[in-house]
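Novice: I'd like to ask you about the structure that follows.
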Amino acid sequence: MDRLCCFSGSYSQLVGGRSSSSSGKGKSHEGLVKYGFSLIKGKANHPMEDYHVAKFVQIQGHELGLFAIYDGHLGDSVPSYLQKHLFSNILKEEEFWVDTNRSISKAYERTDQAILSQGSDLGRGGSTAVTAILLNGQKLWVANVGDSRAVLSRGGQAIQMSTDHEPNTERGSIEHRGGFVSNMPGDVPRVNGQLAVSRAFGDKSLKSHLRSDPDIQETIIDNNIDILILASDGLWKVLTNQEAVDIAREIKDPLKAAKQLTAEALKRESKDDISCVVVRFRG
């Protein structure tokens with residue numbers, strides 16, 4: 001049963017990049033931590049560009065929960081590449097068990113270099129990333145580049161675990177690298193008039209003005225923490241962190257919670273691809 005349930009999750013993951021919507025669920029080996037995910041294609045006239053990962057793996061006597069959202073732009077080749085390679089690159093780092101933060105940073109940088117070196121195959125697009133690694137249900141590392149976001153519920157209070165990398169907040173770094181930030185009326189700030197995030201994987205033509213190093217936060221999962229939400233900006237453009245936590249906490253089943261969140265974002269007229277993973281730590 002366990003295997004079937006996790007298989008249904010990973011099967012949807014395989015088709016997630018191409019179908020108009022997908023969803024699935026799974027749980028840890030002991031069944032104490034459960035997850036659900038829901039992805040819905042936006043109104044834009046291009047294929048789905050959001051990808052996700054949600055799974056548990058057993059490595060060296062430890063159980064790792066691996067969760068991610070990758071929100072692509074200018075095509076889906078970079079988020080698709082990240083879905084296949086980013087976590088395996090992190091886990092391949094020699095120091096992963098000793099210095100997890102440094103390993104995540106190094107793997108993000110190496111993965112970006114690999115993407116850029118395959119530019120002719122992967123095209124000129126790029127992707128955000130927010131990744132969460134849960135060790136034995138007890139310790140959590142969240143890393144991100146771009147504006148896909150991770151939010152924890154601690155005693156019902158929303159705690160943001162990622163940093164939104166937006167052009168206006170990182171203008172100094174962009175200008176130092178020879179780029180500029182445009183602020184056109186009726187539009188969001190953009191790097192060189194093009195990209196609405198200041199850090200991303202890929203984006204070969206803008207890379208000299210962009211960073212791809214992640215911000216990383218870690219925390220212990222104590223009894224006060226009950227929910228983790230990872231989502232693309234298709235959700236966060238229309239829901240506050242607290243609204244998302246309130247919705248997810250009301251619903252015991254994390255798959256139903258994830259579907260409720262994407263449905264609510266649609267109801268609030270989000271036009272973008274909407275994807276989210278909900279992890280429930282207890283109950």
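By convention here, the chains of the structure tokens are called A, B, ... in the order presented, each chain's residues are numbered starting at 1, and ligands are numbered starting at 1 in the order presented.
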What's around stretch 77-83 of chain A at 8 Å? Count only C-alpha atoms, leave out sequence neighbours fewer than 2 positions away in its own chain, and write the answer as an MDAnalysis selection string.
Specialist: chainID A and resid 17 49:53 70:72 75 85:87 111 115 122:123 125:128 201:202
Novice: Using C-alpha atoms, can you write the selected residues to a file as a tab-separated table (two decimals), in the first residue's frame?
Specialist:
chain	number	residue	atom	x	y	z
A	17	GLY	CA	5.66	19.05	-16.48
A	49	GLU	CA	6.67	25.24	-16.58
A	50	ASP	CA	6.37	24.28	-12.88
A	51	TYR	CA	7.99	21.03	-11.75
A	52	HIS	CA	8.17	19.46	-8.31
A	53	VAL	CA	9.78	16.71	-6.25
A	70	TYR	CA	11.01	24.54	-9.65
A	71	ASP	CA	9.28	27.38	-11.52
A	72	GLY	CA	10.67	27.70	-15.04
A	75	GLY	CA	10.45	26.95	-21.49
A	85	HIS	CA	19.50	16.30	-11.00
A	86	LEU	CA	19.54	18.86	-8.17
A	87	PHE	CA	18.83	16.55	-5.23
A	111	THR	CA	24.18	22.29	-11.03
A	115	ILE	CA	23.02	23.82	-16.96
A	122	LEU	CA	18.63	23.35	-22.53
A	123	GLY	CA	17.98	26.62	-24.35
A	125	GLY	CA	15.46	29.69	-20.22
A	126	GLY	CA	15.87	29.41	-16.48
A	127	SER	CA	14.18	28.42	-13.24
A	128	THR	CA	13.69	29.27	-9.60
A	201	PHE	CA	19.32	28.71	-12.48
A	202	GLY	CA	20.13	29.04	-16.18
Novice: Could you pull out the strand (DSSP E or B) residues of stretch 82-268 of chain A from DSSP and send them as a PyMOL selection string?
Specialist: chain A and resi 126-127+129-135+139-145+149-154+157-160+181-182+190-191+195+199+201-202+211+215-220+225-231
Novice: Measuring between only C-alpha atoms, which one of A:Phe180, A:Tyr35, A:Phe67, A:Phe96 shows the shortest distance to A:Asn144?
Specialist: A:Phe67
Novice: For each of A:Gly65, A:Gly36, A:Pro254, A:Gly42, take the minimum atom-to-atom distance to A:Gln138, counting only C-alpha atoms, then give the residue where this is smallest.
Specialist: A:Gly65
Novice: Here is a test: counting only C-alpha atoms, which residue of A:Ile225, A:Leu135, A:Ala231, A:Ala44 is nearest to A:Val278?
Specialist: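 Answer, going by the shortest atom-to-atom distance: A:Ala231.
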Novice: So which one's closest to A:Gly156, A:Val57, A:Leu255, A:Leu39, A:Ala248? Using only C-alpha atoms, please.
Specialist: A:Ala248
Novice: Nearest to A:Ser38 among A:Ser173, A:Asn101, A:Gln217, A:Ser232, with distances taken over only C-alpha atoms: which residue is it?
Specialist: A:Ser232
Novice: Using DSSP on the backbone coordinates, identify the residues of stretch 7-124 of chain A assigned to helix (DSSP H, G or I); present them as a VMD selection string.
Specialist: chain A and resid 7 to 15 77 to 92 100 to 117 119 to 122
Novice: Show which residues sit within 8 Å of A:Phe56, as an NGL selection string. Count only C-alpha atoms, and ignore same-chain residues fewer than 4 positions away.
Specialist: :A and (27-29 or 63-66)
Novice: Calculated over only C-alpha atoms, which of the candidates A:Leu32, A:Leu235, A:Ala265, A:Leu91 has the smallest distance to A:Ile59?
Specialist: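 Checking each candidate against A:Ile59, we get A:Leu91 as the closest.
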Novice: Which value, in Å to one decimal, gives the distance between atom CA of A:Asp222 and atom CA of A:Phe281?
Specialist: 9.5 Å
